[in-house]
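**Student:** I am sharing final.txt, which consists of compact mmCIF, N, CA and C atoms:
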# COMPACT_ATOMS: atom_id res chain seq x y z
N MET A 183 124.91 109.05 102.88
CA MET A 183 124.58 107.80 103.53
C MET A 183 125.35 107.66 104.84
N ARG A 184 126.62 108.04 104.79
CA ARG A 184 127.45 107.93 105.98
C ARG A 184 127.01 108.92 107.06
N GLU A 185 126.68 110.15 106.63
CA GLU A 185 126.21 111.15 107.59
C GLU A 185 124.88 110.72 108.20
N GLN A 186 124.04 110.11 107.38
CA GLN A 186 122.75 109.64 107.88
C GLN A 186 122.95 108.57 108.95
N ARG A 187 123.84 107.64 108.69
CA ARG A 187 124.11 106.58 109.67
C ARG A 187 124.64 107.18 110.96
N ARG A 188 125.54 108.16 110.82
CA ARG A 188 126.10 108.83 112.00
C ARG A 188 125.00 109.53 112.79
N ASP A 189 124.09 110.20 112.09
CA ASP A 189 123.00 110.91 112.76
C ASP A 189 122.04 109.94 113.44
N VAL A 190 121.78 108.80 112.83
CA VAL A 190 120.89 107.81 113.46
C VAL A 190 121.53 107.27 114.73
N VAL A 191 122.82 106.95 114.65
CA VAL A 191 123.51 106.42 115.83
C VAL A 191 123.58 107.49 116.93
N LEU A 192 123.95 108.71 116.55
CA LEU A 192 124.03 109.80 117.52
C LEU A 192 122.67 110.07 118.17
N GLY A 193 121.64 110.13 117.34
CA GLY A 193 120.29 110.34 117.88
C GLY A 193 119.87 109.22 118.81
N GLY A 194 120.20 107.99 118.44
CA GLY A 194 119.85 106.85 119.29
C GLY A 194 120.59 106.88 120.62
N VAL A 195 121.88 107.16 120.58
CA VAL A 195 122.68 107.20 121.81
C VAL A 195 122.22 108.34 122.72
N LEU A 196 122.01 109.52 122.15
CA LEU A 196 121.55 110.64 122.97
C LEU A 196 120.12 110.41 123.48
N GLY A 197 119.29 109.77 122.66
CA GLY A 197 117.95 109.41 123.13
C GLY A 197 118.00 108.42 124.27
N MET A 198 118.95 107.49 124.20
CA MET A 198 119.14 106.54 125.29
C MET A 198 119.55 107.27 126.57
N GLY A 199 120.43 108.26 126.42
CA GLY A 199 120.84 109.05 127.58
C GLY A 199 119.67 109.81 128.18
N HIS A 200 118.83 110.35 127.33
CA HIS A 200 117.65 111.08 127.81
C HIS A 200 116.72 110.15 128.57
N GLN A 201 116.43 109.00 127.99
CA GLN A 201 115.50 108.08 128.65
C GLN A 201 116.08 107.50 129.93
N THR A 202 117.38 107.27 129.95
CA THR A 202 118.03 106.80 131.18
C THR A 202 117.91 107.85 132.27
N GLY A 203 118.15 109.10 131.91
CA GLY A 203 118.00 110.18 132.89
C GLY A 203 116.58 110.29 133.39
N GLU A 204 115.61 110.17 132.49
CA GLU A 204 114.21 110.23 132.90
C GLU A 204 113.87 109.11 133.87
N ALA A 205 114.42 107.92 133.63
CA ALA A 205 114.14 106.78 134.51
C ALA A 205 114.83 106.94 135.87
N LEU A 206 115.95 107.66 135.90
CA LEU A 206 116.69 107.82 137.15
C LEU A 206 116.15 108.95 138.03
N VAL A 207 115.38 109.85 137.48
CA VAL A 207 114.88 110.99 138.26
C VAL A 207 114.12 110.55 139.51
N PRO A 208 113.14 109.64 139.43
CA PRO A 208 112.43 109.24 140.66
C PRO A 208 113.35 108.57 141.68
N VAL A 209 114.33 107.82 141.18
CA VAL A 209 115.27 107.16 142.09
C VAL A 209 116.08 108.21 142.84
N LEU A 210 116.57 109.20 142.11
CA LEU A 210 117.38 110.25 142.74
C LEU A 210 116.56 111.10 143.70
N ILE A 211 115.31 111.33 143.38
CA ILE A 211 114.44 112.06 144.31
C ILE A 211 114.28 111.25 145.60
N GLY A 212 114.09 109.95 145.46
CA GLY A 212 113.97 109.08 146.63
C GLY A 212 115.24 109.09 147.48
N VAL A 213 116.39 109.05 146.84
CA VAL A 213 117.65 109.08 147.57
C VAL A 213 117.82 110.41 148.29
N ALA A 214 117.47 111.49 147.61
CA ALA A 214 117.59 112.82 148.24
C ALA A 214 116.68 112.92 149.46
N ILE A 215 115.48 112.39 149.35
CA ILE A 215 114.56 112.43 150.49
C ILE A 215 115.08 111.56 151.62
N ASP A 216 115.57 110.36 151.28
CA ASP A 216 116.12 109.48 152.30
C ASP A 216 117.28 110.13 153.04
N ARG A 217 118.19 110.72 152.30
CA ARG A 217 119.38 111.31 152.92
C ARG A 217 119.05 112.60 153.67
N GLY A 218 118.27 113.43 153.06
CA GLY A 218 118.04 114.75 153.64
C GLY A 218 116.94 114.83 154.65
N VAL A 219 115.83 114.21 154.34
CA VAL A 219 114.66 114.35 155.22
C VAL A 219 114.64 113.28 156.29
N VAL A 220 114.78 112.03 155.89
CA VAL A 220 114.69 110.93 156.85
C VAL A 220 115.90 110.91 157.78
N ASP A 221 117.10 111.01 157.20
CA ASP A 221 118.32 110.96 158.01
C ASP A 221 118.66 112.31 158.62
N GLY A 222 118.08 113.39 158.13
CA GLY A 222 118.38 114.72 158.65
C GLY A 222 119.74 115.24 158.24
N ASP A 223 120.28 114.69 157.16
CA ASP A 223 121.62 115.07 156.67
C ASP A 223 121.47 116.16 155.60
N VAL A 224 121.70 117.41 156.00
CA VAL A 224 121.54 118.54 155.07
C VAL A 224 122.57 118.47 153.96
N ALA A 225 123.80 118.12 154.29
CA ALA A 225 124.85 118.02 153.28
C ALA A 225 124.52 116.92 152.26
N GLY A 226 123.99 115.81 152.75
CA GLY A 226 123.59 114.72 151.85
C GLY A 226 122.44 115.14 150.95
N LEU A 227 121.49 115.89 151.51
CA LEU A 227 120.37 116.39 150.71
C LEU A 227 120.86 117.31 149.61
N LEU A 228 121.75 118.22 149.95
CA LEU A 228 122.28 119.15 148.95
C LEU A 228 123.09 118.42 147.89
N LEU A 229 123.85 117.42 148.31
CA LEU A 229 124.63 116.64 147.35
C LEU A 229 123.71 115.94 146.35
N TRP A 230 122.68 115.27 146.84
CA TRP A 230 121.80 114.53 145.94
C TRP A 230 120.91 115.45 145.11
N LEU A 231 120.57 116.61 145.64
CA LEU A 231 119.85 117.59 144.82
C LEU A 231 120.75 118.12 143.71
N GLY A 232 122.04 118.26 144.00
CA GLY A 232 123.00 118.65 142.96
C GLY A 232 123.13 117.58 141.89
N VAL A 233 123.18 116.32 142.32
CA VAL A 233 123.22 115.22 141.35
C VAL A 233 121.96 115.22 140.50
N LEU A 234 120.83 115.44 141.12
CA LEU A 234 119.56 115.51 140.38
C LEU A 234 119.58 116.64 139.36
N ALA A 235 120.12 117.78 139.73
CA ALA A 235 120.21 118.91 138.80
C ALA A 235 121.11 118.57 137.61
N VAL A 236 122.22 117.90 137.87
CA VAL A 236 123.13 117.50 136.79
C VAL A 236 122.43 116.51 135.85
N VAL A 237 121.67 115.58 136.41
CA VAL A 237 120.94 114.61 135.59
C VAL A 237 119.90 115.34 134.74
N TYR A 238 119.21 116.32 135.30
CA TYR A 238 118.23 117.08 134.52
C TYR A 238 118.89 117.83 133.36
N VAL A 239 120.03 118.44 133.63
CA VAL A 239 120.74 119.15 132.56
C VAL A 239 121.17 118.15 131.48
N GLY A 240 121.69 117.01 131.90
CA GLY A 240 122.13 115.99 130.94
C GLY A 240 120.99 115.46 130.10
N LEU A 241 119.87 115.16 130.73
CA LEU A 241 118.76 114.61 129.95
C LEU A 241 118.15 115.67 129.04
N SER A 242 118.18 116.92 129.46
CA SER A 242 117.67 117.99 128.62
C SER A 242 118.52 118.16 127.36
N PHE A 243 119.83 118.21 127.53
CA PHE A 243 120.70 118.36 126.38
C PHE A 243 120.68 117.10 125.50
N SER A 244 120.57 115.94 126.12
CA SER A 244 120.49 114.70 125.33
C SER A 244 119.26 114.70 124.45
N PHE A 245 118.13 115.13 125.00
CA PHE A 245 116.92 115.18 124.19
C PHE A 245 117.08 116.19 123.05
N ARG A 246 117.57 117.36 123.39
CA ARG A 246 117.69 118.43 122.40
C ARG A 246 118.55 118.01 121.21
N PHE A 247 119.74 117.53 121.49
CA PHE A 247 120.66 117.19 120.41
C PHE A 247 120.33 115.84 119.77
N GLY A 248 119.75 114.92 120.55
CA GLY A 248 119.35 113.64 119.99
C GLY A 248 118.19 113.78 119.02
N ALA A 249 117.20 114.60 119.39
CA ALA A 249 116.07 114.83 118.49
C ALA A 249 116.53 115.55 117.23
N ARG A 250 117.46 116.46 117.39
CA ARG A 250 117.99 117.18 116.23
C ARG A 250 118.72 116.23 115.27
N ALA A 251 119.53 115.34 115.82
CA ALA A 251 120.26 114.38 114.98
C ALA A 251 119.30 113.41 114.29
N GLY A 252 118.29 112.94 115.02
CA GLY A 252 117.32 112.04 114.42
C GLY A 252 116.52 112.70 113.32
N GLU A 253 116.11 113.93 113.56
CA GLU A 253 115.35 114.67 112.53
C GLU A 253 116.23 114.95 111.31
N ARG A 254 117.50 115.26 111.55
CA ARG A 254 118.42 115.51 110.43
C ARG A 254 118.58 114.25 109.58
N ALA A 255 118.69 113.09 110.22
CA ALA A 255 118.78 111.83 109.48
C ALA A 255 117.51 111.57 108.69
N SER A 256 116.37 111.85 109.30
CA SER A 256 115.09 111.65 108.65
C SER A 256 114.95 112.53 107.41
N VAL A 257 115.32 113.78 107.54
CA VAL A 257 115.21 114.72 106.42
C VAL A 257 116.19 114.35 105.31
N ARG A 258 117.39 113.94 105.70
CA ARG A 258 118.39 113.57 104.69
C ARG A 258 117.96 112.37 103.86
N VAL A 259 117.44 111.34 104.53
CA VAL A 259 117.05 110.15 103.78
C VAL A 259 115.85 110.46 102.89
N ALA A 260 114.92 111.26 103.38
CA ALA A 260 113.76 111.62 102.56
C ALA A 260 114.18 112.46 101.36
N HIS A 261 115.10 113.39 101.56
CA HIS A 261 115.56 114.22 100.46
C HIS A 261 116.31 113.39 99.41
N ARG A 262 117.18 112.50 99.88
CA ARG A 262 117.93 111.66 98.94
C ARG A 262 116.98 110.79 98.12
N LEU A 263 115.99 110.22 98.77
CA LEU A 263 115.02 109.39 98.05
C LEU A 263 114.19 110.22 97.08
N ARG A 264 113.78 111.42 97.49
CA ARG A 264 113.02 112.29 96.59
C ARG A 264 113.83 112.65 95.34
N THR A 265 115.09 112.97 95.51
CA THR A 265 115.90 113.34 94.35
C THR A 265 116.12 112.15 93.42
N GLU A 266 116.32 110.97 93.98
CA GLU A 266 116.46 109.78 93.14
C GLU A 266 115.17 109.48 92.39
N LEU A 267 114.04 109.58 93.08
CA LEU A 267 112.76 109.32 92.44
C LEU A 267 112.44 110.36 91.37
N THR A 268 112.77 111.62 91.65
CA THR A 268 112.54 112.67 90.66
C THR A 268 113.38 112.43 89.43
N GLY A 269 114.62 112.02 89.63
CA GLY A 269 115.48 111.70 88.49
C GLY A 269 114.91 110.56 87.66
N ARG A 270 114.34 109.60 88.33
CA ARG A 270 113.74 108.46 87.62
C ARG A 270 112.49 108.88 86.87
N VAL A 271 111.65 109.68 87.51
CA VAL A 271 110.40 110.13 86.86
C VAL A 271 110.71 110.98 85.64
N LEU A 272 111.75 111.81 85.71
CA LEU A 272 112.09 112.70 84.61
C LEU A 272 113.05 112.08 83.59
N ALA A 273 113.43 110.84 83.80
CA ALA A 273 114.36 110.18 82.89
C ALA A 273 113.74 110.04 81.50
N PRO A 274 114.57 110.14 80.43
CA PRO A 274 114.05 110.04 79.06
C PRO A 274 113.40 108.69 78.77
N GLU A 275 113.86 107.64 79.41
CA GLU A 275 113.29 106.32 79.14
C GLU A 275 111.94 106.11 79.80
N GLY A 276 111.49 107.07 80.55
CA GLY A 276 110.14 106.99 81.11
C GLY A 276 110.16 106.85 82.61
N GLY A 277 109.08 107.23 83.20
CA GLY A 277 108.99 107.20 84.65
C GLY A 277 107.83 106.36 85.14
N ALA A 278 107.35 105.44 84.37
CA ALA A 278 106.25 104.55 84.77
C ALA A 278 104.99 105.35 85.07
N ASP A 279 104.72 106.36 84.23
CA ASP A 279 103.54 107.18 84.48
C ASP A 279 102.40 106.88 83.51
N ASP A 280 102.47 105.75 82.83
CA ASP A 280 101.39 105.38 81.90
C ASP A 280 100.09 105.18 82.68
N GLY A 281 99.05 105.84 82.22
CA GLY A 281 97.73 105.67 82.82
C GLY A 281 97.55 106.46 84.11
N ARG A 282 98.45 107.34 84.44
CA ARG A 282 98.32 108.14 85.67
C ARG A 282 98.04 109.59 85.30
N LEU A 283 97.41 110.28 86.23
CA LEU A 283 97.17 111.70 86.05
C LEU A 283 98.49 112.47 86.16
N PRO A 284 98.58 113.64 85.54
CA PRO A 284 99.81 114.43 85.66
C PRO A 284 100.10 114.78 87.13
N GLY A 285 101.30 114.53 87.55
CA GLY A 285 101.71 114.85 88.92
C GLY A 285 101.42 113.77 89.93
N GLU A 286 100.65 112.76 89.55
CA GLU A 286 100.28 111.71 90.50
C GLU A 286 101.51 110.92 90.96
N LEU A 287 102.39 110.61 90.04
CA LEU A 287 103.59 109.85 90.39
C LEU A 287 104.51 110.67 91.29
N ALA A 288 104.64 111.96 91.01
CA ALA A 288 105.48 112.83 91.85
C ALA A 288 104.89 112.95 93.25
N LYS A 289 103.58 113.06 93.35
CA LYS A 289 102.93 113.14 94.66
C LYS A 289 103.14 111.86 95.45
N THR A 290 102.96 110.72 94.80
CA THR A 290 103.16 109.43 95.45
C THR A 290 104.61 109.28 95.91
N ALA A 291 105.55 109.65 95.05
CA ALA A 291 106.97 109.54 95.39
C ALA A 291 107.32 110.43 96.58
N THR A 292 106.77 111.63 96.60
CA THR A 292 107.05 112.56 97.69
C THR A 292 106.51 112.04 99.01
N GLU A 293 105.30 111.52 98.99
CA GLU A 293 104.69 110.99 100.20
C GLU A 293 105.43 109.76 100.70
N ASP A 294 105.85 108.89 99.79
CA ASP A 294 106.60 107.71 100.18
C ASP A 294 107.96 108.08 100.76
N ALA A 295 108.60 109.10 100.21
CA ALA A 295 109.89 109.55 100.74
C ALA A 295 109.71 110.11 102.15
N ARG A 296 108.63 110.82 102.38
CA ARG A 296 108.36 111.34 103.72
C ARG A 296 108.17 110.21 104.72
N ARG A 297 107.48 109.17 104.30
CA ARG A 297 107.26 108.01 105.18
C ARG A 297 108.56 107.29 105.50
N VAL A 298 109.43 107.17 104.52
CA VAL A 298 110.73 106.53 104.79
C VAL A 298 111.51 107.36 105.80
N GLY A 299 111.47 108.68 105.67
CA GLY A 299 112.11 109.54 106.66
C GLY A 299 111.51 109.36 108.04
N ALA A 300 110.21 109.21 108.12
CA ALA A 300 109.55 109.01 109.40
C ALA A 300 109.97 107.69 110.04
N VAL A 301 110.21 106.68 109.23
CA VAL A 301 110.68 105.39 109.75
C VAL A 301 112.07 105.56 110.37
N THR A 302 112.90 106.38 109.75
CA THR A 302 114.23 106.63 110.30
C THR A 302 114.12 107.27 111.68
N MET A 303 113.25 108.25 111.82
CA MET A 303 113.05 108.89 113.13
C MET A 303 112.44 107.91 114.12
N ALA A 304 111.55 107.05 113.67
CA ALA A 304 110.95 106.04 114.55
C ALA A 304 112.00 105.07 115.08
N LEU A 305 113.01 104.79 114.27
CA LEU A 305 114.10 103.92 114.71
C LEU A 305 114.84 104.56 115.88
N VAL A 306 115.15 105.83 115.75
CA VAL A 306 115.85 106.56 116.82
C VAL A 306 115.00 106.57 118.09
N VAL A 307 113.74 106.90 117.97
CA VAL A 307 112.84 106.98 119.13
C VAL A 307 112.63 105.59 119.74
N GLY A 308 112.54 104.57 118.90
CA GLY A 308 112.34 103.21 119.40
C GLY A 308 113.51 102.70 120.23
N VAL A 309 114.72 102.98 119.78
CA VAL A 309 115.91 102.58 120.53
C VAL A 309 115.93 103.30 121.89
N ALA A 310 115.62 104.58 121.89
CA ALA A 310 115.60 105.34 123.13
C ALA A 310 114.52 104.81 124.08
N ALA A 311 113.34 104.52 123.56
CA ALA A 311 112.24 104.03 124.39
C ALA A 311 112.56 102.67 124.99
N ALA A 312 113.18 101.80 124.20
CA ALA A 312 113.55 100.48 124.72
C ALA A 312 114.57 100.60 125.84
N THR A 313 115.48 101.54 125.71
CA THR A 313 116.46 101.75 126.76
C THR A 313 115.80 102.27 128.03
N GLY A 314 114.89 103.22 127.89
CA GLY A 314 114.17 103.73 129.05
C GLY A 314 113.39 102.63 129.75
N LEU A 315 112.79 101.77 128.97
CA LEU A 315 112.04 100.64 129.54
C LEU A 315 112.97 99.70 130.29
N ALA A 316 114.13 99.41 129.71
CA ALA A 316 115.09 98.51 130.35
C ALA A 316 115.62 99.12 131.66
N VAL A 317 115.98 100.39 131.62
CA VAL A 317 116.49 101.04 132.83
C VAL A 317 115.40 101.08 133.90
N GLY A 318 114.19 101.38 133.52
CA GLY A 318 113.08 101.39 134.47
C GLY A 318 112.84 100.02 135.07
N ALA A 319 112.93 98.97 134.26
CA ALA A 319 112.72 97.61 134.74
C ALA A 319 113.82 97.20 135.72
N VAL A 320 115.06 97.53 135.37
CA VAL A 320 116.18 97.20 136.27
C VAL A 320 116.04 97.97 137.58
N GLY A 321 115.67 99.25 137.48
CA GLY A 321 115.49 100.05 138.68
C GLY A 321 114.36 99.53 139.55
N CYS A 322 113.30 99.06 138.91
CA CYS A 322 112.17 98.52 139.66
C CYS A 322 112.55 97.22 140.36
N CYS A 323 113.30 96.37 139.67
CA CYS A 323 113.73 95.10 140.26
C CYS A 323 114.75 95.32 141.37
N ALA A 324 115.58 96.35 141.23
CA ALA A 324 116.61 96.62 142.23
C ALA A 324 115.98 97.15 143.53
N CYS A 325 114.82 97.78 143.43
CA CYS A 325 114.17 98.33 144.61
C CYS A 325 113.50 97.26 145.46
N ARG A 326 113.25 96.13 144.90
CA ARG A 326 112.54 95.07 145.64
C ARG A 326 113.48 94.31 146.45
Translate the structure described by the file into structure tokens.

**Tutor:**
Amino acid sequence: MREQRRDVVLGGVLGMGHQTGEALVPVLIGVAIDRGVVDGDVAGLLLWLGVLAVVYVGLSFSFRFGARAGERASVRVAHRLRTELTGRVLAPEGGADDGRLPGELAKTATEDARRVGAVTMALVVGVAAATGLAVGAVGCCACR
């Protein structure tokens, strides 16, 4: 449970970094063009192109490790739920399988566990997307 929480937070934070970097790319391209092309400052152009390269590396690694952490949290929660449900289904006192076909309860439990895992990943992606939207909105308002 603790590792899952850590993975969700890590995935969310790294996803936020990725989306922030994605939102900053057009701004940095504009700054590089302003400094290098419009002002004719070659050193300024190279500086801002270097900053752009660093942002690309950062957003790439943020996506890679953030998606990995989110997927790990998703798989962990689904596995934990599957093992608990399997223990309940196989318990001597019964698994609520009256009137069901053989394997139907296990199939339902497995599918529900997968969906719970997907919700965990959706939480990570949702936090990242909201951050990207916020950064984009602030950047858009700052340009006016």

**Student:** Would you mind reading off the distance between atom N of A:Val219 and atom C of A:Gly314, one decimal, in Å?

**Tutor:**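 Pair atom N of A:Val219 / atom C of A:Gly314 returns 27.3 Å.
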
**Student:** So which one's closest to A:Leu263, A:Leu206, A:Val320, A:Ala291, A:Leu305? Using all atoms listed in the file, please.

**Tutor:**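 Ranked by minimum distance to A:Leu263, first place goes to A:Ala291.
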
**Student:** Ranking A:Ala288, A:Leu234, A:Gly218, A:Ala300 by minimum distance to A:Val257 and counting only N, CA and C atoms, which one comes first?

**Tutor:**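 Using only N, CA and C atoms, the shortest distance to A:Val257 belongs to A:Ala300.
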
**Student:** Kindly indicate which residue among A:Gly232, A:Gly199, A:Gly299, A:Gly194 lies nearest to A:Ala255, using all atoms listed in the file for the distances.

**Tutor:** A:Gly299

**Student:** Could you state the separation of atom N of A:Gly197 and atom N of A:Gly252 in Å, given to one decimal place?

**Tutor:**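 Atom-to-atom, atom N of A:Gly197 to atom N of A:Gly252, that is 8.3 Å.
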
**Student:** Can you list, as an NGL selection string, all residues belonging to chain A that DSSP tags as alpha helix (DSSP H)?

**Tutor:** :A and (184-215 or 224-271 or 286-325)

**Student:** Work out how far atom N of A:Ser242 is from atom CA of A:His200, in Å to one decimal.

**Tutor:** 6.1 Å

**Student:** As JSON, what would the box around stretch 299-312 of chain A look like: edges along x, y and z, 3 Å added on every side, centre and edge lengths in Å to one decimal?

**Tutor:**
{"center_x": 112.7, "center_y": 105.0, "center_z": 115.8, "size_x": 12.4, "size_y": 15.1, "size_z": 26.2}
